[in-house]
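Peer 1: First the structure, then my questions, so here it is.
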Amino acid sequence: MAIVFKRPQSLTDAKFHYCPGCTHGIIHRLVAECLDEMNIREKTVGICPVGCSVLAYDYFNCDMLEAAHGRAPAIATAIKRLKPECFLFTYQGDGDLASIGMGEIVHASARGEKISVFFINNTLYGMTGGQMAPTTLLGQVATTCPYGRKVENEGYPVKMAELLAGNEGSAYISRVAVNSPANVVKAKKAIKKAFETQAKGLGFSMVEILSTCPTNWGLNPVDAMKWMEDNMIPYYPLGEFKVKEEK
Amino acid sequence: MNKVLMKGNEALAEGAILAGCRGFFGYPITPSSEIAEYMARKLPKIGGIFVQAESELAAINMVYGGAATGTRVMTASSGPGLSLKQEGISFISEAELPCLIVNISRGGPGLGGIQPSQGDYFQATRGGGHGDYHTMVLAPASTQEMMDFAILGYELADRYRIPVVIMAEGTLGNLMEPVIVRDEVTSFPEKPWAISGCQGRKPNIVNTLHLTAEGLEQRNRHLFSKYKEIGMNEKRAETFMVEDADIVVVAFGLLARVIKRSVIDARKHGIKAGLIRPMTLWPFPDEHIKAVADTCKVMLSMEISMGQMIQDIRLAAEGRVPVEFYGRIGFLPNPEELTREIIALAERKGL
């Protein structure tokens with residue numbers, strides 16, 4: 001009997017610790033499938049963040065390093081510069097990347113570091129229990145904006161894809177969502193395109209992936225998907241924001 | 001023998017290159033910037049990597065990543081920059097990655113000044129960041145030692161898988177002296193733990209997270225058994241005329257070199273003075289202190305700070321001899337002033 005579907009080799013056998021309905025599992029799998037299909041697992045170094053995916057080093061079956069909060073792009077910079085034959089990816093949440101690590105991500109992009117960043121945007125801090133992130137939507141309730149995010153107090157949600165697309169060093173910037181089978185397929189294409197951008201040495205690549213957090217949103221997994229479609233996608237439009245072509 | 005006139009900062013940078021350093025990640029700050037500038041000129045020509053980081057935090061995290069590849073890498077900064085780097089130093093210490101971290105010290109607290117200082121002694125010798133850990137700390141006293149300790153630093157860092165801090169006063173970084181240029185290091189230890197793609201082996205993981213109490217305690221015990229071994233093997237100090245000394249001055253860095261003159265001058269006044277110069281600040285050379293604690297009448301800690309190393313001297317002396325203190329802030333005192341202090345102490349003690 002032919003095997004038509006199996007666990008990617010780039011994932012270990014460890015069981016994910018993620019909450020029911022969380023989309024980290026889907027995204028991990030998409031990254032792993034791309035590593036398999038491009039046959040680069042043994043040349044890849046992944047950097048995990050601080051946040052829900054802090055334990056990603058247990059799940060990806062390649063060399064991994066666990067970073068301090070927000071610092072993954074700086075770490076990836078050094079590894080890529082010293083080992084240019086390696087593929088470098090960072091896997092970062094919105095608190096990690098868009099808040100405490102804003103300096104590191106903007107400058108890695110500005111320098112055009114040949115690394116691929118997978119930015120998981122679920123509009124809040126998941127692991128620490130649902131605090132406000134720079135990506136929390138206006139009016140959205142989080143434990144540190146219990147009356148809803150207000151412009152007067154917390155300002156506007158940060159659009160990272162649009163922000164980084166403005167840097168000359170950025171070669172591929174896109175935003176995808178994993179809310180439907182069709183969008184999951186598109187997300188995988190974007191992830192692969194990021195790795196291909198790195199393989200071609202074109203510069204910095206980032207895929208922002210809109211993700212759900214049923215636990216901290218207080219919704220069941222199905223309603224969480226709907227909340228993402230109704231609230232996140234209108235503010236964080238999907239698409240490619242920067243595509244540098246080979247000369 | 002290749003003898004050249006070099007600045008301390010340049011001698012240190014050249015020493016690091018001779019030791020195989022091929023990655024420098026730093027942020028400009030006076031009085032350490034010549035190290036970054038030297039590396040920016042030299043490293044690209046020898047297949048190395050120089051990155052001016054956007055911040056001290058990014059710089060130390062680049063060192064974290066660079067060291068994880070098994071490459072000899074370094075960063076250099078000064079007081080306020082070292083404060084910012086402490087997060088990364090804690091991570092690197094826990095991950096047991098070898099690297100060189102240089103503090104060309106200036107005065108604090110706060111923005112302080114850009115004059116020489118030894119006020120970062122506590123920060124350097126107590127770990128400096130969060131959690132239970134130590135880095136090794138070397139304190140050179142000459143331009144030659146700036147070069148030699150860079151080479152020694154990498155050797156120790158690799159041997160014990162530990163970040164090594166070189167702490168030198170700003171004056172030493174900017175002092176020009178003749179330096180005998182050492183031979184290039186050609187043999188390096190294997191680093192099977194390094195991450196650079198898992199071709200032909202199981203994946204390597206560099207991690208500092210331990211969520212179980214047992215796991216975390218085990219990690220801390222492991223680190224401290226290593227620190228104990230370092231303590232047994234690596235304490236270094238220079239002693240000068242201590243055998244018959246009534247007054248033993250304890251001082252490190254360039255200040256200690258100035259004090260050598262004062263010890264000789266004090267002896268001309270009939271005062272039996274001597275000097276112990278710790279070359280490793282951590283591990284602190286307590287045996288050298290203990291060895292003279294019963295034969296001298298008083299010890300004198302001289303520091304460019306309000307008194308930090310004096311605590312380690314008192315711990316080492318175990319109350320067997322009184323330990324006095326003299327410190328200045330913001331500059332390197334001249335030998336005449338230090339001689340006067342030694343003579344004044346002798347008079348107070350009736351020596």
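Chain identifiers are assigned as A, B, and so on, following the order in which chains appear in the structure tokens; residues are numbered from 1 within each chain, and ligands are numbered from 1 in order of appearance.
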Taking only C-alpha atoms into account, find every residue of chain A that has an atom no more than 8 Å from chain B, and write it out as an mmCIF file with N, CA and C atoms, in the first residue's frame.
Peer 2:
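What landed in result04.cif:
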data_model
loop_
_atom_site.group_PDB
_atom_site.id
_atom_site.type_symbol
_atom_site.label_atom_id
_atom_site.label_comp_id
_atom_site.auth_asym_id
_atom_site.auth_seq_id
_atom_site.Cartn_x
_atom_site.Cartn_y
_atom_site.Cartn_z
ATOM 1 N N ARG A 41 16.702 20.294 5.157
ATOM 2 C CA ARG A 41 16.627 20.073 6.604
ATOM 3 C C ARG A 41 18.011 20.022 7.247
ATOM 4 N N GLU A 42 18.927 19.316 6.605
ATOM 5 C CA GLU A 42 20.249 19.131 7.218
ATOM 6 C C GLU A 42 21.148 20.354 7.080
ATOM 7 N N LYS A 43 20.643 21.377 6.389
ATOM 8 C CA LYS A 43 21.413 22.617 6.266
ATOM 9 C C LYS A 43 20.743 23.758 7.024
ATOM 10 N N THR A 44 19.667 23.412 7.749
ATOM 11 C CA THR A 44 18.844 24.463 8.348
ATOM 12 C C THR A 44 19.130 24.631 9.835
ATOM 13 N N VAL A 45 19.135 25.894 10.267
ATOM 14 C CA VAL A 45 19.163 26.216 11.696
ATOM 15 C C VAL A 45 17.933 27.069 11.982
ATOM 16 N N TYR A 57 11.978 24.010 19.513
ATOM 17 C CA TYR A 57 13.191 23.204 19.317
ATOM 18 C C TYR A 57 12.935 21.718 19.570
ATOM 19 N N ASN A 61 12.958 19.012 13.446
ATOM 20 C CA ASN A 61 14.017 17.998 13.406
ATOM 21 C C ASN A 61 15.238 18.526 12.644
ATOM 22 N N CYS A 62 15.744 19.674 13.118
ATOM 23 C CA CYS A 62 16.957 20.250 12.537
ATOM 24 C C CYS A 62 17.693 20.948 13.666
ATOM 25 N N ASP A 63 18.884 21.478 13.397
ATOM 26 C CA ASP A 63 19.598 22.224 14.437
ATOM 27 C C ASP A 63 18.742 23.413 14.878
ATOM 28 N N MET A 64 18.633 23.589 16.199
ATOM 29 C CA MET A 64 17.751 24.641 16.728
ATOM 30 C C MET A 64 18.449 25.408 17.846
ATOM 31 N N LEU A 65 18.080 26.673 17.985
ATOM 32 C CA LEU A 65 18.589 27.493 19.087
ATOM 33 C C LEU A 65 17.428 28.252 19.693
ATOM 34 N N GLU A 66 17.372 28.267 21.012
ATOM 35 C CA GLU A 66 16.305 28.978 21.718
ATOM 36 C C GLU A 66 16.834 30.358 22.115
ATOM 37 N N ALA A 67 16.166 31.397 21.608
ATOM 38 C CA ALA A 67 16.658 32.769 21.786
ATOM 39 C C ALA A 67 16.050 33.436 23.012
ATOM 40 N N ALA A 68 16.630 34.559 23.406
ATOM 41 C CA ALA A 68 15.975 35.438 24.379
ATOM 42 C C ALA A 68 14.846 36.178 23.656
ATOM 43 N N ARG A 71 15.119 38.448 20.333
ATOM 44 C CA ARG A 71 16.477 38.586 19.792
ATOM 45 C C ARG A 71 16.785 37.635 18.631
ATOM 46 N N ALA A 74 18.789 38.815 15.510
ATOM 47 C CA ALA A 74 20.209 39.124 15.742
ATOM 48 C C ALA A 74 21.012 37.831 15.759
ATOM 49 N N ILE A 75 20.474 36.821 16.420
ATOM 50 C CA ILE A 75 21.147 35.525 16.503
ATOM 51 C C ILE A 75 21.257 34.902 15.111
ATOM 52 N N ALA A 76 20.142 34.949 14.374
ATOM 53 C CA ALA A 76 20.136 34.375 13.016
ATOM 54 C C ALA A 76 21.125 35.115 12.115
ATOM 55 N N THR A 77 21.239 36.427 12.302
ATOM 56 C CA THR A 77 22.185 37.236 11.523
ATOM 57 C C THR A 77 23.596 36.673 11.631
ATOM 58 N N ALA A 78 24.025 36.441 12.878
ATOM 59 C CA ALA A 78 25.404 35.980 13.092
ATOM 60 C C ALA A 78 25.612 34.592 12.506
ATOM 61 N N ILE A 79 24.647 33.712 12.708
ATOM 62 C CA ILE A 79 24.817 32.334 12.212
ATOM 63 C C ILE A 79 24.874 32.324 10.692
ATOM 64 N N ARG A 81 25.733 34.802 8.699
ATOM 65 C CA ARG A 81 26.964 35.426 8.198
ATOM 66 C C ARG A 81 28.161 34.480 8.316
ATOM 67 N N LEU A 82 28.199 33.731 9.436
ATOM 68 C CA LEU A 82 29.343 32.837 9.656
ATOM 69 C C LEU A 82 29.193 31.525 8.899
ATOM 70 N N LYS A 83 27.948 31.115 8.660
ATOM 71 C CA LYS A 83 27.689 29.849 7.954
ATOM 72 C C LYS A 83 26.737 30.129 6.791
ATOM 73 N N CYS A 86 24.178 27.692 5.315
ATOM 74 C CA CYS A 86 23.009 27.257 6.091
ATOM 75 C C CYS A 86 21.763 28.049 5.706
ATOM 76 N N GLY A 103 13.480 46.308 17.493
ATOM 77 C CA GLY A 103 14.788 46.788 17.023
ATOM 78 C C GLY A 103 15.483 45.739 16.179
ATOM 79 N N GLU A 104 15.528 44.522 16.671
ATOM 80 C CA GLU A 104 16.247 43.444 15.984
ATOM 81 C C GLU A 104 15.627 43.137 14.621
ATOM 82 N N HIS A 107 16.170 46.059 11.959
ATOM 83 C CA HIS A 107 17.546 46.178 11.466
ATOM 84 C C HIS A 107 18.000 44.953 10.680
#
Peer 1: Would you mind writing down, as a VMD selection string, each residue of region 133-310 of chain B that DSSP on the backbone assigns to alpha helix (DSSP H)?
Peer 2: chain B and resid 143 to 160 170 to 174 213 to 233 253 to 268 286 to 293 309 to 310
Peer 1: Write out the residues from the selection above, keeping C-alpha atoms, as a PDB file, in the first residue's frame.
Peer 2:
ATOM      1  CA  THR B 143      49.468  46.341  26.288  1.00  0.00           C
ATOM      2  CA  GLN B 144      51.318  43.025  26.029  1.00  0.00           C
ATOM      3  CA  GLU B 145      48.796  41.412  28.348  1.00  0.00           C
ATOM      4  CA  MET B 146      45.947  42.887  26.309  1.00  0.00           C
ATOM      5  CA  MET B 147      47.205  40.708  23.468  1.00  0.00           C
ATOM      6  CA  ASP B 148      48.194  37.713  25.588  1.00  0.00           C
ATOM      7  CA  PHE B 149      44.951  37.614  27.567  1.00  0.00           C
ATOM      8  CA  ALA B 150      42.880  37.705  24.377  1.00  0.00           C
ATOM      9  CA  ILE B 151      44.692  34.534  23.279  1.00  0.00           C
ATOM     10  CA  LEU B 152      44.459  33.003  26.759  1.00  0.00           C
ATOM     11  CA  GLY B 153      40.815  34.058  26.972  1.00  0.00           C
ATOM     12  CA  TYR B 154      39.809  31.997  23.941  1.00  0.00           C
ATOM     13  CA  GLU B 155      41.790  29.018  25.203  1.00  0.00           C
ATOM     14  CA  LEU B 156      39.983  29.146  28.559  1.00  0.00           C
ATOM     15  CA  ALA B 157      36.604  29.876  26.944  1.00  0.00           C
ATOM     16  CA  ASP B 158      36.863  26.785  24.750  1.00  0.00           C
ATOM     17  CA  ARG B 159      38.306  24.574  27.496  1.00  0.00           C
ATOM     18  CA  TYR B 160      35.488  25.306  29.923  1.00  0.00           C
ATOM     19  CA  GLY B 170      40.021  52.836  29.567  1.00  0.00           C
ATOM     20  CA  THR B 171      43.575  54.107  30.004  1.00  0.00           C
ATOM     21  CA  LEU B 172      44.980  50.683  29.196  1.00  0.00           C
ATOM     22  CA  GLY B 173      42.860  50.460  26.078  1.00  0.00           C
ATOM     23  CA  ASN B 174      44.343  53.705  24.847  1.00  0.00           C
ATOM     24  CA  ALA B 213      12.594  21.972  39.040  1.00  0.00           C
ATOM     25  CA  GLU B 214      14.813  18.876  38.842  1.00  0.00           C
ATOM     26  CA  GLY B 215      16.087  19.775  35.394  1.00  0.00           C
ATOM     27  CA  LEU B 216      16.880  23.345  36.392  1.00  0.00           C
ATOM     28  CA  GLU B 217      18.614  22.339  39.596  1.00  0.00           C
ATOM     29  CA  GLN B 218      20.671  19.790  37.697  1.00  0.00           C
ATOM     30  CA  ARG B 219      21.744  22.464  35.190  1.00  0.00           C
ATOM     31  CA  ASN B 220      22.756  24.854  37.955  1.00  0.00           C
ATOM     32  CA  ARG B 221      24.667  22.122  39.780  1.00  0.00           C
ATOM     33  CA  HIS B 222      26.417  21.235  36.542  1.00  0.00           C
ATOM     34  CA  LEU B 223      27.481  24.856  36.008  1.00  0.00           C
ATOM     35  CA  PHE B 224      28.744  25.150  39.553  1.00  0.00           C
ATOM     36  CA  SER B 225      30.742  21.934  39.394  1.00  0.00           C
ATOM     37  CA  LYS B 226      32.426  23.467  36.363  1.00  0.00           C
ATOM     38  CA  TYR B 227      33.039  26.714  38.260  1.00  0.00           C
ATOM     39  CA  LYS B 228      34.609  24.702  41.066  1.00  0.00           C
ATOM     40  CA  GLU B 229      36.975  23.067  38.597  1.00  0.00           C
ATOM     41  CA  ILE B 230      37.863  26.466  37.151  1.00  0.00           C
ATOM     42  CA  GLY B 231      38.511  27.714  40.690  1.00  0.00           C
ATOM     43  CA  MET B 232      40.914  24.858  41.316  1.00  0.00           C
ATOM     44  CA  ASN B 233      42.818  25.246  38.050  1.00  0.00           C
ATOM     45  CA  GLY B 253      44.936  46.235  36.067  1.00  0.00           C
ATOM     46  CA  LEU B 254      47.033  49.204  35.039  1.00  0.00           C
ATOM     47  CA  LEU B 255      46.633  50.629  38.544  1.00  0.00           C
ATOM     48  CA  ALA B 256      48.609  47.675  39.914  1.00  0.00           C
ATOM     49  CA  ARG B 257      51.457  48.508  37.566  1.00  0.00           C
ATOM     50  CA  VAL B 258      51.540  52.065  38.849  1.00  0.00           C
ATOM     51  CA  ILE B 259      51.590  50.721  42.402  1.00  0.00           C
ATOM     52  CA  LYS B 260      54.733  48.682  41.721  1.00  0.00           C
ATOM     53  CA  ARG B 261      56.574  52.016  41.610  1.00  0.00           C
ATOM     54  CA  SER B 262      54.935  53.043  44.888  1.00  0.00           C
ATOM     55  CA  VAL B 263      55.984  49.772  46.537  1.00  0.00           C
ATOM     56  CA  ILE B 264      59.592  50.380  45.500  1.00  0.00           C
ATOM     57  CA  ASP B 265      59.420  54.008  46.680  1.00  0.00           C
ATOM     58  CA  ALA B 266      57.866  52.969  50.011  1.00  0.00           C
ATOM     59  CA  ARG B 267      60.734  50.517  50.526  1.00  0.00           C
ATOM     60  CA  LYS B 268      63.162  53.437  50.019  1.00  0.00           C
ATOM     61  CA  ASP B 286      42.308  33.833  47.239  1.00  0.00           C
ATOM     62  CA  GLU B 287      45.226  31.447  47.882  1.00  0.00           C
ATOM     63  CA  HIS B 288      47.650  34.235  47.082  1.00  0.00           C
ATOM     64  CA  ILE B 289      45.939  36.358  49.749  1.00  0.00           C
ATOM     65  CA  LYS B 290      45.850  33.510  52.282  1.00  0.00           C
ATOM     66  CA  ALA B 291      49.538  32.778  51.686  1.00  0.00           C
ATOM     67  CA  VAL B 292      50.571  36.140  53.167  1.00  0.00           C
ATOM     68  CA  ALA B 293      47.649  36.792  55.517  1.00  0.00           C
ATOM     69  CA  MET B 309      37.449  43.978  45.297  1.00  0.00           C
ATOM     70  CA  ILE B 310      38.091  44.646  48.993  1.00  0.00           C
TER      71      ILE B 310
END
Peer 1: At a cut-off of 12 Å, using only C-alpha atoms, what residues contact Leu351 (chain B)? Leave out same-chain residues fewer than 5 positions from it and give the result as a list in words.
Peer 2: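 What passes the distance filter is Ala245, Asp246, Ile247, Ala266, Arg267, His269, Gly270, Ile271, Lys272, Ala273, Cys296, Lys297, Val298, Ile342, Ile343, Ala344, Leu345 and Ala346 of chain B.
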Peer 1: Hey, can you check how far CA of Pro163 (chain B) sits from CA of Gly79 (chain B)?
Peer 2: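 Straight-line distance from CA of Pro163 (chain B) to CA of Gly79 (chain B) works out to 17.1 Å.
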Peer 1: So what do you get for CA of Pro234 (chain A) versus CA of Ser53 (chain A), distance-wise?
Peer 2: 25.8 Å
Peer 1: Enumerate as a VMD selection string all residues of region 1-229 of chain A assigned to strand (DSSP E or B) by DSSP on the backbone, naming them with the chain letters and numbers the document uses.
Peer 2: chain A and resid 11 44 to 48 60 63 to 66 87 to 93 116 to 121 124 to 125 131 to 132 142 145 170 to 177 204 to 210
Peer 1: Find the residues near Thr144 (chain A): any atom within 12 Å, counting only C-alpha atoms, skip ones fewer than 4 places away on the same chain, and give them as a list of chain:residue names.
Peer 2: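 The residues satisfying every condition are A:Leu124, A:Tyr125, A:Thr128, A:Gly129, A:Gly130, A:Gln131, A:Met132, A:Ala133, A:Pro134, A:Thr136, A:Gln140, A:Gly148, A:Arg149, A:Lys150, A:Asn153, A:Glu154.
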Peer 1: Output C-alpha atoms of each residue in that selection to a file, as a compact mmCIF listing (two decimals), in the first residue's frame.
Peer 2:
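File produced: result05.txt:
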# COMPACT_ATOMS: atom_id res chain seq x y z
CA LEU A 124 -1.86 39.06 21.87
CA TYR A 125 0.65 37.44 24.23
CA THR A 128 1.77 34.73 29.48
CA GLY A 129 -2.02 34.66 29.51
CA GLY A 130 -3.51 37.05 26.97
CA GLN A 131 -1.92 40.44 27.52
CA MET A 132 -2.09 43.21 24.94
CA ALA A 133 0.43 43.08 22.09
CA PRO A 134 1.37 45.79 19.57
CA THR A 136 -3.99 43.83 19.45
CA GLN A 140 -10.14 44.21 21.44
CA GLY A 148 -10.64 47.31 25.07
CA ARG A 149 -7.70 48.83 23.21
CA LYS A 150 -8.19 52.56 22.71
CA ASN A 153 -4.26 55.07 25.51
CA GLU A 154 -2.53 52.31 23.55
